[in-house]
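Colleague: model12.txt is reproduced below (compact mmCIF, C-alpha atoms).
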```txt
# COMPACT_ATOMS: atom_id res chain seq x y z
CA MET A 1 -0.55 -39.45 27.45
CA ASN A 2 -2.68 -37.14 29.51
CA LEU A 3 -5.38 -34.70 28.59
CA TYR A 4 -2.94 -31.80 28.00
CA ASP A 5 -1.04 -33.80 25.38
CA LEU A 6 -4.27 -34.87 23.69
CA ILE A 7 -5.49 -31.28 23.43
CA PHE A 8 -2.08 -30.18 22.14
CA TYR A 9 -2.10 -32.77 19.38
CA LEU A 10 -5.68 -31.82 18.47
CA PHE A 11 -4.85 -28.12 18.12
CA ALA A 12 -1.57 -28.83 16.33
CA ALA A 13 -3.37 -31.04 13.82
CA VAL A 14 -6.07 -28.42 13.23
CA THR A 15 -3.44 -25.71 12.74
CA LEU A 16 -1.17 -27.62 10.39
CA LEU A 17 -3.89 -29.28 8.30
CA SER A 18 -5.77 -26.06 7.71
CA ALA A 19 -2.50 -24.24 6.96
CA ALA A 20 -1.77 -26.93 4.36
CA VAL A 21 -5.19 -26.26 2.83
CA VAL A 22 -4.37 -22.52 2.80
CA VAL A 23 -1.20 -22.95 0.81
CA SER A 24 -2.45 -25.66 -1.54
CA SER A 25 -6.04 -24.75 -2.38
CA LYS A 26 -6.65 -23.37 -5.85
CA ASN A 27 -9.67 -21.33 -4.79
CA ILE A 28 -8.69 -18.23 -2.86
CA ILE A 29 -11.97 -18.16 -0.94
CA TYR A 30 -11.31 -21.67 0.42
CA SER A 31 -7.83 -20.51 1.41
CA ALA A 32 -9.22 -17.50 3.25
CA PHE A 33 -11.74 -19.53 5.20
CA SER A 34 -9.28 -22.22 6.21
CA LEU A 35 -6.97 -19.44 7.36
CA VAL A 36 -9.69 -18.69 9.95
CA LEU A 37 -9.35 -22.27 11.19
CA THR A 38 -5.58 -21.90 11.35
CA PHE A 39 -5.92 -18.77 13.48
CA PHE A 40 -8.28 -20.60 15.85
CA GLY A 41 -5.79 -23.45 16.18
CA VAL A 42 -2.95 -21.05 16.93
CA ALA A 43 -5.13 -19.32 19.54
CA GLY A 44 -5.69 -22.73 21.16
CA LEU A 45 -1.93 -23.29 21.25
CA TYR A 46 -1.46 -19.90 22.92
CA ILE A 47 -3.99 -20.78 25.59
CA LEU A 48 -2.29 -24.17 26.13
CA LEU A 49 0.93 -22.23 26.73
CA GLY A 50 -0.76 -20.23 29.49
CA ALA A 51 -1.23 -17.06 27.45
CA ASP A 52 -4.96 -16.64 27.78
CA PHE A 53 -5.06 -12.91 27.00
CA ILE A 54 -2.95 -13.34 23.85
CA GLY A 55 -5.25 -16.14 22.72
CA VAL A 56 -8.33 -13.95 23.03
CA VAL A 57 -6.54 -11.05 21.31
CA GLN A 58 -5.55 -13.44 18.53
CA ILE A 59 -9.18 -14.38 17.93
CA LEU A 60 -10.37 -10.76 18.15
CA VAL A 61 -7.71 -9.19 15.93
CA TYR A 62 -6.97 -11.93 13.43
CA VAL A 63 -10.35 -13.59 12.96
CA GLY A 64 -12.33 -10.42 13.51
CA GLY A 65 -10.10 -7.87 11.84
CA ILE A 66 -7.40 -9.18 9.55
CA MET A 67 -9.56 -11.91 8.04
CA ILE A 68 -12.27 -9.39 7.19
CA LEU A 69 -9.63 -7.16 5.60
CA LEU A 70 -8.26 -10.09 3.56
CA LEU A 71 -11.75 -11.11 2.43
CA PHE A 72 -12.42 -7.51 1.39
CA GLY A 73 -9.19 -7.65 -0.55
CA VAL A 74 -10.28 -10.83 -2.30
CA MET A 75 -13.75 -9.52 -3.09
CA LEU A 76 -12.56 -6.14 -4.35
CA THR A 77 -9.74 -7.42 -6.54
CA ASN A 78 -11.45 -10.31 -8.35
CA LYS A 79 -14.25 -10.11 -10.81
CA ILE A 80 -16.21 -12.84 -9.12
CA THR A 81 -19.16 -12.80 -11.45
CA SER A 82 -17.22 -12.90 -14.71
CA VAL A 83 -13.86 -14.60 -14.17
CA ASP A 84 -13.20 -17.61 -11.98
CA ILE A 85 -11.34 -16.79 -8.79
CA ARG A 86 -8.67 -19.44 -9.08
CA THR A 87 -5.18 -18.26 -8.36
CA GLY A 88 -2.12 -19.41 -10.23
CA THR A 89 1.16 -20.63 -8.86
CA VAL A 90 4.70 -20.17 -10.11
CA ASN A 91 7.84 -22.27 -9.64
CA VAL A 92 6.02 -24.97 -7.70
CA LEU A 93 8.56 -27.79 -7.99
CA PRO A 94 11.80 -25.97 -7.14
CA SER A 95 10.26 -24.04 -4.29
CA ALA A 96 8.59 -27.19 -2.93
CA ILE A 97 11.97 -28.94 -2.90
CA ALA A 98 13.77 -25.97 -1.34
CA ILE A 99 11.15 -25.41 1.32
CA GLY A 100 10.95 -29.13 2.04
CA VAL A 101 14.69 -29.10 2.73
CA PHE A 102 14.27 -25.97 4.85
CA MET A 103 11.42 -27.53 6.82
CA GLY A 104 13.47 -30.67 7.47
CA LEU A 105 16.41 -28.55 8.61
CA VAL A 106 14.33 -26.42 10.98
CA THR A 107 12.46 -29.41 12.39
CA SER A 108 15.62 -31.43 12.99
CA ILE A 109 17.22 -28.44 14.71
CA MET A 110 14.16 -28.17 16.93
CA ILE A 111 14.29 -31.89 17.72
CA TRP A 112 18.02 -32.41 18.31
CA THR A 113 18.87 -29.25 20.21
CA LYS A 114 19.08 -29.79 23.97
CA TRP A 115 16.73 -27.04 25.08
CA VAL A 116 17.15 -26.05 28.70
CA SER A 117 13.65 -25.61 30.01
CA PHE A 118 12.67 -24.50 33.46
CA PRO A 119 9.38 -25.76 34.79
CA THR A 120 7.60 -22.58 35.73
CA GLU A 121 4.39 -21.73 37.43
CA THR A 122 2.44 -19.48 35.11
CA PRO A 123 -0.20 -17.41 36.86
CA LEU A 124 -3.76 -18.44 36.30
CA THR A 125 -4.66 -15.24 34.45
CA THR A 126 -2.06 -13.09 32.77
CA THR A 127 -4.14 -10.02 31.97
CA ASN A 128 -3.30 -8.14 35.15
CA GLU A 129 0.46 -8.67 34.88
CA LEU A 130 0.43 -7.88 31.15
CA GLY A 131 -1.34 -4.60 31.79
CA LYS A 132 1.16 -3.64 34.49
CA LEU A 133 4.10 -4.48 32.19
CA LEU A 134 2.59 -2.49 29.34
CA ILE A 135 2.32 0.73 31.35
CA THR A 136 5.58 0.43 33.29
CA GLU A 137 8.43 -1.35 31.54
CA TYR A 138 7.20 -1.20 27.95
CA VAL A 139 5.36 2.12 28.04
CA LEU A 140 7.56 3.71 25.36
CA ILE A 141 6.99 0.86 22.89
CA PHE A 142 3.30 0.91 23.76
CA GLU A 143 2.95 4.61 22.92
CA LEU A 144 5.07 4.26 19.78
CA LEU A 145 2.82 1.42 18.61
CA ALA A 146 -0.25 3.56 19.23
CA ILE A 147 1.20 6.30 17.02
CA LEU A 148 2.23 3.72 14.42
CA LEU A 149 -1.30 2.30 14.28
CA LEU A 150 -2.77 5.78 13.85
CA VAL A 151 -0.31 6.62 11.05
CA ALA A 152 -0.87 3.26 9.37
CA LEU A 153 -4.65 3.58 9.39
CA ILE A 154 -4.61 7.16 8.09
CA GLY A 155 -2.12 6.10 5.42
CA ALA A 156 -4.18 3.10 4.38
CA ALA A 157 -7.32 5.21 4.11
CA SER A 158 -5.62 7.87 2.04
CA ILE A 159 -3.88 5.34 -0.25
CA ALA A 160 -7.04 3.36 -0.93
CA ARG A 161 -9.27 6.42 -1.39
CA ARG A 162 -10.97 6.71 -4.71
CA ASP A 163 -10.12 9.84 -6.63
CA LYS A 164 -12.90 12.30 -7.23
CA GLU A 165 -12.35 12.99 -10.91
CA MET B 166 5.49 -41.21 24.08
CA ILE B 167 7.14 -38.35 25.93
CA ASN B 168 5.14 -35.51 27.38
CA VAL B 169 4.51 -32.40 25.35
CA GLY B 170 7.30 -29.95 25.98
CA LEU B 171 9.09 -27.08 24.34
CA ASN B 172 10.17 -29.16 21.32
CA HIS B 173 6.62 -29.94 20.25
CA PHE B 174 5.57 -26.31 20.11
CA LEU B 175 8.75 -25.39 18.27
CA ILE B 176 8.19 -28.11 15.67
CA VAL B 177 4.63 -26.94 15.04
CA SER B 178 5.93 -23.39 14.66
CA GLY B 179 8.68 -24.50 12.26
CA ILE B 180 6.25 -26.35 10.01
CA LEU B 181 3.85 -23.39 10.06
CA PHE B 182 6.70 -21.06 9.08
CA SER B 183 7.65 -23.32 6.17
CA LEU B 184 4.07 -23.46 4.92
CA GLY B 185 3.81 -19.68 5.06
CA LEU B 186 7.09 -19.32 3.19
CA TYR B 187 5.80 -21.73 0.53
CA ALA B 188 2.68 -19.61 0.07
CA VAL B 189 4.76 -16.43 -0.23
CA VAL B 190 7.10 -17.96 -2.80
CA THR B 191 4.69 -19.82 -5.05
CA ARG B 192 1.43 -17.87 -5.10
CA LYS B 193 0.73 -15.30 -7.81
CA ASN B 194 -2.14 -13.48 -6.15
CA ALA B 195 -0.94 -10.67 -3.87
CA VAL B 196 -3.64 -11.39 -1.29
CA MET B 197 -2.39 -14.99 -1.03
CA VAL B 198 1.12 -13.66 -0.43
CA LEU B 199 -0.31 -11.61 2.44
CA MET B 200 -1.92 -14.73 3.91
CA GLY B 201 1.48 -16.45 3.82
CA ILE B 202 2.99 -13.52 5.71
CA GLU B 203 0.29 -13.85 8.36
CA LEU B 204 1.17 -17.56 8.76
CA ILE B 205 4.84 -16.67 9.21
CA LEU B 206 4.02 -14.05 11.86
CA ASN B 207 1.87 -16.55 13.73
CA ALA B 208 4.70 -19.09 13.71
CA ALA B 209 7.05 -16.48 15.19
CA ASN B 210 4.48 -15.66 17.86
CA ILE B 211 4.20 -19.33 18.90
CA ASN B 212 7.98 -19.34 19.36
CA PHE B 213 7.90 -16.19 21.50
CA ILE B 214 5.19 -17.51 23.80
CA ALA B 215 6.69 -21.01 24.04
CA PHE B 216 10.10 -19.65 25.05
CA SER B 217 8.40 -17.26 27.46
CA LYS B 218 6.67 -20.15 29.21
CA PHE B 219 9.44 -22.74 29.23
CA GLY B 220 12.38 -20.37 29.65
CA ASN B 221 11.27 -18.86 32.96
CA LEU B 222 11.36 -15.39 31.45
CA GLY B 223 8.20 -13.98 32.94
CA LEU B 224 5.69 -12.35 30.63
CA THR B 225 8.18 -10.60 28.34
CA GLY B 226 7.55 -12.99 25.46
CA GLN B 227 3.82 -12.47 25.72
CA VAL B 228 4.23 -8.69 25.57
CA THR B 229 6.38 -9.12 22.46
CA ALA B 230 3.74 -11.35 20.89
CA LEU B 231 1.17 -8.63 21.57
CA PHE B 232 3.38 -6.09 19.75
CA VAL B 233 3.75 -8.50 16.81
CA ILE B 234 -0.04 -8.80 16.55
CA VAL B 235 -0.40 -4.99 16.46
CA LEU B 236 2.26 -4.73 13.74
CA ALA B 237 0.54 -7.48 11.74
CA ALA B 238 -2.73 -5.55 11.83
CA ALA B 239 -1.05 -2.34 10.62
CA GLU B 240 0.81 -4.24 7.91
CA ALA B 241 -2.35 -5.93 6.64
CA ALA B 242 -4.20 -2.61 6.39
CA ILE B 243 -1.39 -0.85 4.47
CA ALA B 244 -0.70 -3.82 2.20
CA LEU B 245 -4.36 -4.22 1.24
CA ALA B 246 -4.59 -0.53 0.41
CA ILE B 247 -1.58 -0.95 -1.88
CA VAL B 248 -3.12 -4.06 -3.44
CA LEU B 249 -6.33 -2.15 -4.16
CA ASN B 250 -4.33 0.57 -5.89
CA ILE B 251 -2.44 -2.01 -7.95
CA TYR B 252 -5.75 -3.49 -8.99
CA LYS B 253 -7.06 -0.08 -10.04
CA THR B 254 -3.92 0.54 -12.10
CA PHE B 255 -3.17 -2.83 -13.71
CA ASN B 256 -6.59 -4.52 -13.43
CA ASN B 257 -5.08 -7.61 -11.81
CA VAL B 258 -3.09 -8.41 -8.69
CA ASN B 259 -0.71 -11.08 -9.97
CA VAL B 260 2.65 -10.20 -8.50
CA ASP B 261 4.59 -11.74 -11.40
CA GLU B 262 2.99 -9.41 -13.96
CA ILE B 263 3.60 -6.14 -12.07
CA ASP B 264 7.09 -5.61 -13.48
CA HIS B 265 6.83 -2.22 -15.18
CA LEU B 266 9.86 -0.90 -13.30
CA LYS B 267 12.00 -3.23 -15.44
CA ASP B 268 11.17 -1.40 -18.68
```
Now, as a test, write the supplied structure out as structure tokens.

Modeller:
Amino acid sequence: MNLYDLIFYLFAAVTLLSAAVVVSSKNIIYSAFSLVLTFFGVAGLYILLGADFIGVVQILVYVGGIMILLLFGVMLTNKITSVDIRTGTVNVLPSAIAIGVFMGLVTSIMIWTKWVSFPTETPLTTTNELGKLLITEYVLIFELLAILLLVALIGAASIARRDKE
Amino acid sequence: MINVGLNHFLIVSGILFSLGLYAVVTRKNAVMVLMGIELILNAANINFIAFSKFGNLGLTGQVTALFVIVLAAAEAAIALAIVLNIYKTFNNVNVDEIDHLKD
């Protein structure tokens, strides 16, 4: 068991434990803040897989952007001062059984399948190659995503706008 | 104990996917459902990057993961705008009580 394995198990434990807190906590604020920890753990896993740029983007976009959006959503849709901010659950037992079966199925497939894996030499930094790929081979998807982001942000602003009257 | 390989990352991603699905299915609050969707997207991204590293496929998986992150950001912005509108209309965001289309 070398250092790589040790770091992998550390990040996997952080990710899965905080994700379990996210789905089981009654208080939505606790869920939101342990989701931050989950995103950090996933970013660590990305960097262990040699994807350093994706790891940094994960921290920037998820922790910096999406988490703030989700916290705004929590704060704006709960009367924090008057009502408690606990969230209810529905159909806990049947869905826990079904998803337990599903999790066992997926995990056993992952374990028992003979994955063919090639030992590859990932470059030390991937940012340069990613940038080249984005403006050569994937330039159409890149531009389409830029338009999609613009449309999505304009749409979100106009949906959430408060009416004047 | 064997060295960490492709299986380990896939197992972590599978468990993360199941937890996200559990949050989507059981939670009443719409914002919690969104958090479950984010967990599911992260699990898919781990799969993309793991296969990209161990499958000798170059950086294609990483580019796809980047696109997934962009789509997740757009989806979160739109969905939260819709949730805010639901809150203004119904005064709560419990997804099991927003069933006025049934009447």

Colleague: Check every residue of chain A for an atom within 7 Å of chain B, counting all atoms listed in the file, and provide those that qualify as a PyMOL selection string.

Modeller: chain A and resi 1+5+12+16+19-20+23+46+49+54+66+70+73-74+77+87-92+95+99+103+106-107+110-111+117-120+130+149+152-153+156+159-160

Colleague: Could you check how far atom CA of A:Thr127 sits from atom CA of A:Ala51, in Å to one decimal?

Modeller: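 For atom CA of A:Thr127 relative to atom CA of A:Ala51, the distance reads 8.9 Å.
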
Colleague: To one decimal in Å, tell me the separation between atom CA of A:Ala96 and atom CA of A:Val22.

Modeller: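 Value for the atom CA of A:Ala96-atom CA of A:Val22 distance: 14.9 Å.
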
Colleague: Please, what distance in Å, to one decimal, runs between atom CA of B:Leu206 and atom CA of A:Phe33?

Modeller: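 Separation between atom CA of B:Leu206 and atom CA of A:Phe33: 18.0 Å.
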
Colleague: What's around A:Val36 at 8 Å? Count only C-alpha atoms, leave out sequence neighbours fewer than 3 positions away in its own chain, and write the answer as an NGL selection string.

Modeller: :A and (32-33 or 39-40 or 63 or 67)

Colleague: If you count all atoms listed in the file, which residues fall within 10 Å of A:Ile7, apart from same-chain ones fewer than 5 positions away, as a PyMOL selection string?

Modeller: chain A and resi 2+12-13+44-45+48

Colleague: Under the rule that only C-alpha atoms are counted, which of B:Asn212, B:Glu262, B:Val233, B:Ile205 is the nearest residue to A:Leu145?

Modeller: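 When distances to A:Leu145 are compared using only C-alpha atoms, the smallest one comes from B:Val233.
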